[in-house]
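S.K.: Enclosed is the structure file final_30.pdb (PDB, C-alpha atoms).
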```
ATOM      1  CA  MET A   1      -4.919  -5.082  14.967  1.00  0.00           C
ATOM      2  CA  HIS A   2      -1.695  -3.430  16.057  1.00  0.00           C
ATOM      3  CA  SER A   3      -0.947  -3.279  19.752  1.00  0.00           C
ATOM      4  CA  ASP A   4      -1.360   0.521  19.807  1.00  0.00           C
ATOM      5  CA  HIS A   5      -5.015   0.075  18.822  1.00  0.00           C
ATOM      6  CA  LEU A   6      -5.928  -3.011  20.827  1.00  0.00           C
ATOM      7  CA  GLY A   7      -5.800  -1.234  24.169  1.00  0.00           C
ATOM      8  CA  TRP A   8      -7.862  -2.958  26.805  1.00  0.00           C
ATOM      9  CA  THR A   9      -9.153  -5.701  24.549  1.00  0.00           C
ATOM     10  CA  TRP A  10      -6.453  -8.017  25.850  1.00  0.00           C
ATOM     11  CA  SER A  11      -5.062  -6.533  29.071  1.00  0.00           C
ATOM     12  CA  THR A  12      -6.580  -6.524  32.508  1.00  0.00           C
ATOM     13  CA  ALA A  13      -7.266  -3.418  34.519  1.00  0.00           C
ATOM     14  CA  PRO A  14      -5.221  -3.083  37.712  1.00  0.00           C
ATOM     15  CA  GLY A  15      -6.659  -5.383  40.351  1.00  0.00           C
ATOM     16  CA  GLU A  16      -8.966  -7.178  37.899  1.00  0.00           C
ATOM     17  CA  ASP A  17      -8.896 -10.716  36.504  1.00  0.00           C
ATOM     18  CA  ALA A  18     -10.502  -9.975  33.126  1.00  0.00           C
ATOM     19  CA  PRO A  19     -10.147  -7.277  30.486  1.00  0.00           C
ATOM     20  CA  PRO A  20     -12.567  -4.348  30.962  1.00  0.00           C
ATOM     21  CA  PHE A  21     -14.498  -5.329  27.835  1.00  0.00           C
ATOM     22  CA  ALA A  22     -14.403  -9.073  28.457  1.00  0.00           C
ATOM     23  CA  HIS A  23     -17.967  -9.651  27.251  1.00  0.00           C
ATOM     24  CA  ALA A  24     -17.975  -7.209  24.328  1.00  0.00           C
ATOM     25  CA  ALA A  25     -17.864  -8.359  20.731  1.00  0.00           C
ATOM     26  CA  HIS A  26     -14.759  -7.140  18.913  1.00  0.00           C
ATOM     27  CA  LEU A  27     -15.581  -6.131  15.352  1.00  0.00           C
ATOM     28  CA  VAL A  28     -12.737  -6.817  12.939  1.00  0.00           C
ATOM     29  CA  ALA A  29     -12.638  -6.578   9.156  1.00  0.00           C
ATOM     30  CA  ALA A  30     -12.882 -10.087   7.718  1.00  0.00           C
ATOM     31  CA  PRO A  31      -9.691  -9.769   5.596  1.00  0.00           C
ATOM     32  CA  GLU A  32      -7.779  -8.434   8.608  1.00  0.00           C
ATOM     33  CA  TRP A  33      -8.852 -11.321  10.798  1.00  0.00           C
ATOM     34  CA  GLU A  34      -8.210 -13.909   8.089  1.00  0.00           C
ATOM     35  CA  ARG A  35      -4.618 -12.628   7.788  1.00  0.00           C
ATOM     36  CA  ARG A  36      -4.047 -11.921  11.484  1.00  0.00           C
ATOM     37  CA  ASP A  37      -0.776 -13.809  11.186  1.00  0.00           C
ATOM     38  CA  LEU A  38       0.633 -10.693   9.471  1.00  0.00           C
ATOM     39  CA  ALA A  39      -0.023  -8.613  12.592  1.00  0.00           C
ATOM     40  CA  ASP A  40       2.525 -10.714  14.484  1.00  0.00           C
ATOM     41  CA  GLU A  41       0.576 -10.009  17.659  1.00  0.00           C
ATOM     42  CA  PRO A  42       0.332 -13.042  19.967  1.00  0.00           C
ATOM     43  CA  ARG A  43      -2.242 -11.336  22.193  1.00  0.00           C
ATOM     44  CA  LEU A  44      -4.862 -11.660  19.444  1.00  0.00           C
ATOM     45  CA  ALA A  45      -5.583 -15.151  20.757  1.00  0.00           C
ATOM     46  CA  VAL A  46      -7.172 -13.554  23.827  1.00  0.00           C
ATOM     47  CA  MET A  47      -9.641 -11.721  21.561  1.00  0.00           C
ATOM     48  CA  GLU A  48     -10.501 -14.668  19.344  1.00  0.00           C
ATOM     49  CA  PRO A  49     -13.569 -15.934  21.231  1.00  0.00           C
ATOM     50  CA  ARG A  50     -15.168 -12.492  21.020  1.00  0.00           C
ATOM     51  CA  VAL A  51     -14.259 -11.530  17.432  1.00  0.00           C
ATOM     52  CA  ARG A  52     -17.069 -10.884  14.978  1.00  0.00           C
ATOM     53  CA  THR A  53     -15.881 -10.219  11.457  1.00  0.00           C
ATOM     54  CA  ILE A  54     -17.442  -7.445   9.417  1.00  0.00           C
ATOM     55  CA  GLU A  55     -17.671  -6.803   5.707  1.00  0.00           C
ATOM     56  CA  ASP A  56     -16.961  -3.746   3.576  1.00  0.00           C
ATOM     57  CA  GLY A  57     -19.857  -1.286   3.709  1.00  0.00           C
ATOM     58  CA  GLU A  58     -21.510  -3.015   6.636  1.00  0.00           C
ATOM     59  CA  SER A  59     -23.677  -0.950   8.943  1.00  0.00           C
ATOM     60  CA  ILE A  60     -22.387  -1.998  12.350  1.00  0.00           C
ATOM     61  CA  PHE A  61     -24.761   0.244  14.264  1.00  0.00           C
ATOM     62  CA  PRO A  62     -27.355   2.746  13.047  1.00  0.00           C
ATOM     63  CA  GLY A  63     -25.388   5.626  11.559  1.00  0.00           C
ATOM     64  CA  VAL A  64     -22.017   3.811  11.709  1.00  0.00           C
ATOM     65  CA  HIS A  65     -20.620   2.223   8.549  1.00  0.00           C
ATOM     66  CA  ALA A  66     -17.384   0.331   8.008  1.00  0.00           C
ATOM     67  CA  SER A  67     -15.357   0.861   4.831  1.00  0.00           C
ATOM     68  CA  PHE A  68     -12.346  -1.219   3.965  1.00  0.00           C
ATOM     69  CA  ALA A  69      -9.268   0.901   3.345  1.00  0.00           C
ATOM     70  CA  PRO A  70      -6.503  -1.611   2.646  1.00  0.00           C
ATOM     71  CA  GLY A  71      -2.917  -0.595   2.255  1.00  0.00           C
ATOM     72  CA  HIS A  72      -1.712   0.039   5.767  1.00  0.00           C
ATOM     73  CA  THR A  73      -2.853  -3.489   6.517  1.00  0.00           C
ATOM     74  CA  ILE A  74      -4.814  -5.944   4.409  1.00  0.00           C
ATOM     75  CA  GLY A  75      -8.112  -5.227   6.132  1.00  0.00           C
ATOM     76  CA  HIS A  76      -7.561  -1.728   7.451  1.00  0.00           C
ATOM     77  CA  THR A  77     -10.952  -0.139   8.015  1.00  0.00           C
ATOM     78  CA  THR A  78     -12.343   3.359   8.388  1.00  0.00           C
ATOM     79  CA  TYR A  79     -15.629   4.115  10.095  1.00  0.00           C
ATOM     80  CA  THR A  80     -18.086   6.798   9.023  1.00  0.00           C
ATOM     81  CA  ILE A  81     -20.468   8.068  11.659  1.00  0.00           C
ATOM     82  CA  THR A  82     -23.378  10.094  10.334  1.00  0.00           C
ATOM     83  CA  GLY A  83     -25.857  12.272  12.121  1.00  0.00           C
ATOM     84  CA  GLY A  84     -28.222  14.614  10.334  1.00  0.00           C
ATOM     85  CA  ASP A  85     -26.304  16.232   7.497  1.00  0.00           C
ATOM     86  CA  GLN A  86     -22.886  15.827   9.153  1.00  0.00           C
ATOM     87  CA  ARG A  87     -20.441  12.949   9.155  1.00  0.00           C
ATOM     88  CA  LEU A  88     -17.265  11.987  10.968  1.00  0.00           C
ATOM     89  CA  ILE A  89     -14.705   9.719   9.334  1.00  0.00           C
ATOM     90  CA  VAL A  90     -12.559   7.821  11.823  1.00  0.00           C
ATOM     91  CA  PHE A  91      -9.626   6.867   9.651  1.00  0.00           C
ATOM     92  CA  GLY A  92      -7.251   5.023  11.995  1.00  0.00           C
ATOM     93  CA  ASP A  93      -3.863   4.425  10.396  1.00  0.00           C
ATOM     94  CA  ALA A  94      -4.860   5.523   6.894  1.00  0.00           C
ATOM     95  CA  LEU A  95      -3.177   8.818   7.805  1.00  0.00           C
ATOM     96  CA  HIS A  96      -0.488   8.929  10.487  1.00  0.00           C
ATOM     97  CA  ALA A  97       0.296  12.650  10.465  1.00  0.00           C
ATOM     98  CA  PRO A  98      -1.343  15.851   9.199  1.00  0.00           C
ATOM     99  CA  VAL A  99       1.417  16.259   6.597  1.00  0.00           C
ATOM    100  CA  GLN A 100      -0.042  13.250   4.761  1.00  0.00           C
ATOM    101  CA  VAL A 101      -3.168  15.307   4.059  1.00  0.00           C
ATOM    102  CA  THR A 102      -0.936  17.588   1.977  1.00  0.00           C
ATOM    103  CA  HIS A 103       1.175  14.702   0.667  1.00  0.00           C
ATOM    104  CA  PRO A 104      -1.038  11.591   0.523  1.00  0.00           C
ATOM    105  CA  GLU A 105       1.591   9.956  -1.660  1.00  0.00           C
ATOM    106  CA  TRP A 106       3.886   9.726   1.398  1.00  0.00           C
ATOM    107  CA  SER A 107       3.454   6.342   3.022  1.00  0.00           C
ATOM    108  CA  CYS A 108       4.209   5.247   6.535  1.00  0.00           C
ATOM    109  CA  GLY A 109       7.200   2.928   6.843  1.00  0.00           C
ATOM    110  CA  ILE A 110       5.012   0.126   8.163  1.00  0.00           C
ATOM    111  CA  ASP A 111       2.347   0.234   5.441  1.00  0.00           C
ATOM    112  CA  HIS A 112       1.790  -3.271   4.113  1.00  0.00           C
ATOM    113  CA  ASP A 113       1.250  -1.969   0.579  1.00  0.00           C
ATOM    114  CA  PRO A 114       2.538   1.624   0.187  1.00  0.00           C
ATOM    115  CA  ALA A 115       1.029   2.126  -3.279  1.00  0.00           C
ATOM    116  CA  GLU A 116      -2.401   0.902  -2.218  1.00  0.00           C
ATOM    117  CA  SER A 117      -2.344   2.954   0.982  1.00  0.00           C
ATOM    118  CA  ALA A 118      -1.348   6.088  -0.976  1.00  0.00           C
ATOM    119  CA  GLU A 119      -4.197   5.500  -3.420  1.00  0.00           C
ATOM    120  CA  HIS A 120      -6.642   5.224  -0.529  1.00  0.00           C
ATOM    121  CA  ARG A 121      -5.218   8.345   1.150  1.00  0.00           C
ATOM    122  CA  HIS A 122      -5.866  10.376  -2.017  1.00  0.00           C
ATOM    123  CA  ARG A 123      -9.535   9.324  -1.976  1.00  0.00           C
ATOM    124  CA  LEU A 124      -9.796   9.847   1.776  1.00  0.00           C
ATOM    125  CA  VAL A 125      -8.402  13.393   1.593  1.00  0.00           C
ATOM    126  CA  GLU A 126     -10.972  14.227  -1.082  1.00  0.00           C
ATOM    127  CA  GLU A 127     -13.720  12.919   1.234  1.00  0.00           C
ATOM    128  CA  LEU A 128     -12.294  14.902   4.162  1.00  0.00           C
ATOM    129  CA  SER A 129     -12.512  18.074   2.076  1.00  0.00           C
ATOM    130  CA  ARG A 130     -16.307  17.885   1.810  1.00  0.00           C
ATOM    131  CA  PRO A 131     -17.996  20.665   3.816  1.00  0.00           C
ATOM    132  CA  ASP A 132     -20.192  18.204   5.738  1.00  0.00           C
ATOM    133  CA  THR A 133     -17.256  16.071   6.884  1.00  0.00           C
ATOM    134  CA  ILE A 134     -14.900  16.070   9.857  1.00  0.00           C
ATOM    135  CA  GLY A 135     -12.042  13.610  10.213  1.00  0.00           C
ATOM    136  CA  TYR A 136     -10.633  11.982  13.321  1.00  0.00           C
ATOM    137  CA  GLY A 137      -6.990  10.950  13.297  1.00  0.00           C
ATOM    138  CA  GLY A 138      -5.945   9.173  16.457  1.00  0.00           C
ATOM    139  CA  HIS A 139      -2.250   9.621  15.648  1.00  0.00           C
ATOM    140  CA  PHE A 140      -2.579  13.361  14.989  1.00  0.00           C
ATOM    141  CA  ALA A 141      -1.345  14.418  18.470  1.00  0.00           C
ATOM    142  CA  ASP A 142      -3.266  17.495  19.648  1.00  0.00           C
ATOM    143  CA  VAL A 143      -5.116  18.132  16.354  1.00  0.00           C
ATOM    144  CA  THR A 144      -7.126  14.910  16.142  1.00  0.00           C
ATOM    145  CA  PHE A 145     -10.322  16.442  14.719  1.00  0.00           C
ATOM    146  CA  GLY A 146     -10.135  18.438  11.513  1.00  0.00           C
ATOM    147  CA  ARG A 147     -10.899  18.943   7.852  1.00  0.00           C
ATOM    148  CA  ALA A 148      -8.903  18.839   4.648  1.00  0.00           C
ATOM    149  CA  GLU A 149      -8.968  22.412   3.334  1.00  0.00           C
ATOM    150  CA  PRO A 150      -7.987  23.130  -0.289  1.00  0.00           C
ATOM    151  CA  ARG A 151      -4.833  25.109  -1.011  1.00  0.00           C
ATOM    152  CA  PRO A 152      -4.135  27.277  -4.079  1.00  0.00           C
ATOM    153  CA  ASP A 153      -1.665  24.678  -5.400  1.00  0.00           C
ATOM    154  CA  GLY A 154      -4.393  22.019  -5.642  1.00  0.00           C
ATOM    155  CA  ARG A 155      -3.264  20.175  -2.532  1.00  0.00           C
ATOM    156  CA  PHE A 156      -4.950  20.152   0.871  1.00  0.00           C
ATOM    157  CA  THR A 157      -3.960  21.047   4.399  1.00  0.00           C
ATOM    158  CA  TRP A 158      -5.262  19.710   7.696  1.00  0.00           C
ATOM    159  CA  THR A 159      -7.253  22.351   9.548  1.00  0.00           C
ATOM    160  CA  PRO A 160      -8.247  21.567  13.144  1.00  0.00           C
ATOM    161  CA  VAL A 161     -11.858  22.077  14.187  1.00  0.00           C
ATOM    162  CA  ALA A 162     -12.764  23.609  17.500  1.00  0.00           C
TER     163      ALA A 162
END
```
Here is the file; what I need is its structure written in the form of structure tokens.

M.R.:
Amino acid sequence: MHSDHLGWTWSTAPGEDAPPFAHAAHLVAAPEWERRDLADEPRLAVMEPRVRTIEDGESIFPGVHASFAPGHTIGHTTYTITGGDQRLIVFGDALHAPVQVTHPEWSCGIDHDPAESAEHRHRLVEELSRPDTIGYGGHFADVTFGRAEPRPDGRFTWTPVA
């Protein structure tokens, strides 16, 4: 629920009176919403009437599952989208840069709980190394889609997919 992820949930489009998704439900992890005071984001009040809280493991749409990944924030959530024998993990702020795939122990300065977020990153990198899995990192600049490929030293590296 940081401003860089809220986008048009609270702002109006130029020349419009309402946000573009004014009638859409906004799915938010229950722990995140319960502790929204920690986000220090006054614009969350605009979303409140349309918020629907979700639980860990919930199927929010056929083939789309939410998984709580606390650490960056209390209710940080990743989403796994499956189709056939492939899956995409949308991991949000669990990883902020490709270097964290190699060094999941390195936390972001704004992680709520650095130890917990590092623990989750270790598990996430293992998941991203599965051959049937692609990851999406919104903060990964021009290499947003990729995989965690094993290195000889036992660590992983982020490899973009075409």

S.K.: Enclose all atoms of segment 37-48 of chain A listed in the file in an axis-aligned box, grow every side by 4 Å, and hand back centre and edge lengths in Å to one decimal, as JSON.

M.R.:
```
{"center_x": -4.0, "center_y": -11.9, "center_z": 16.6, "size_x": 21.0, "size_y": 14.5, "size_z": 22.4}
```

S.K.: If the PyMOL selection byres ((chain A and resi 46) around 10) is run on the structure shown, which residues does it catch, given as a list in words?

M.R.: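 So the PyMOL selection byres ((chain A and resi 46) around 10), applied here, picks out Thr9, Trp10, Ser11, Pro19, Ala22, Pro42, Arg43, Leu44, Ala45, Met47, Glu48, Pro49, Arg50 and Val51 of chain A.
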
S.K.: Quick one: distance from atom CA of Tyr136 of chain A to atom CA of Glu32 of chain A in Å, one decimal?

M.R.: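 It comes out at 21.1 Å.
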
S.K.: Around the point (-3.2, 12.3, 7.5), in the coordinates given by the file, pick out the residues reaching within 9 Å, counting all atoms listed in the file, and return them as a ChimeraX atom specification.

M.R.: /A:91,93-104,121,125,137,139-140,158

S.K.: What does the distance from atom CA of His76 of chain A to atom CA of Ala29 of chain A come to in Å, to one decimal?

M.R.: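 Answer for the atom CA of His76 of chain A to atom CA of Ala29 of chain A separation: 7.2 Å.
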
S.K.: Apply the PyMOL selection byres ((chain A and resi 28) around 12) to the structure shown and report the selected residues as JSON, numbers by chain.

M.R.: {"A": [1, 2, 5, 6, 25, 26, 27, 29, 30, 31, 32, 33, 34, 35, 36, 44, 47, 48, 50, 51, 52, 53, 54, 55, 56, 58, 60, 66, 67, 68, 74, 75, 76, 77, 78, 79]}

S.K.: Please indicate the distance in Å from atom CA of Pro150 of chain A to atom CA of Gln86 of chain A, rounded to one decimal place.

M.R.: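 Here the two named atoms are 19.1 Å from each other.
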
S.K.: Quick one: apply the PyMOL selection byres ((chain A and resi 160) around 6) to the file and drop the selected residues here as JSON, numbers by chain.

M.R.: {"A": [143, 145, 146, 159, 161]}

S.K.: Counting only C-alpha atoms, figure out which residue out of A:Ile110, A:Ala115, A:Ala69, A:Ala24 gets nearest to Val90 of chain A.

M.R.: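 Comparing A:Ile110, A:Ala115, A:Ala69, A:Ala24 against Val90 of chain A, the winner is A:Ala69.
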
S.K.: As number ranges by chain, please: the residues near Leu88 of chain A (cut-off 12 Å, only C-alpha atoms, same-chain neighbours under 5 positions excluded).

M.R.: A: 63-65, 78-83, 127-137, 144-147, 161

S.K.: Counting all atoms listed in the file, what is within 7 Å of Asp111 of chain A, bar same-chain residues fewer than 4 positions away, as JSON, numbers by chain?

M.R.: {"A": [71, 72, 73, 107]}
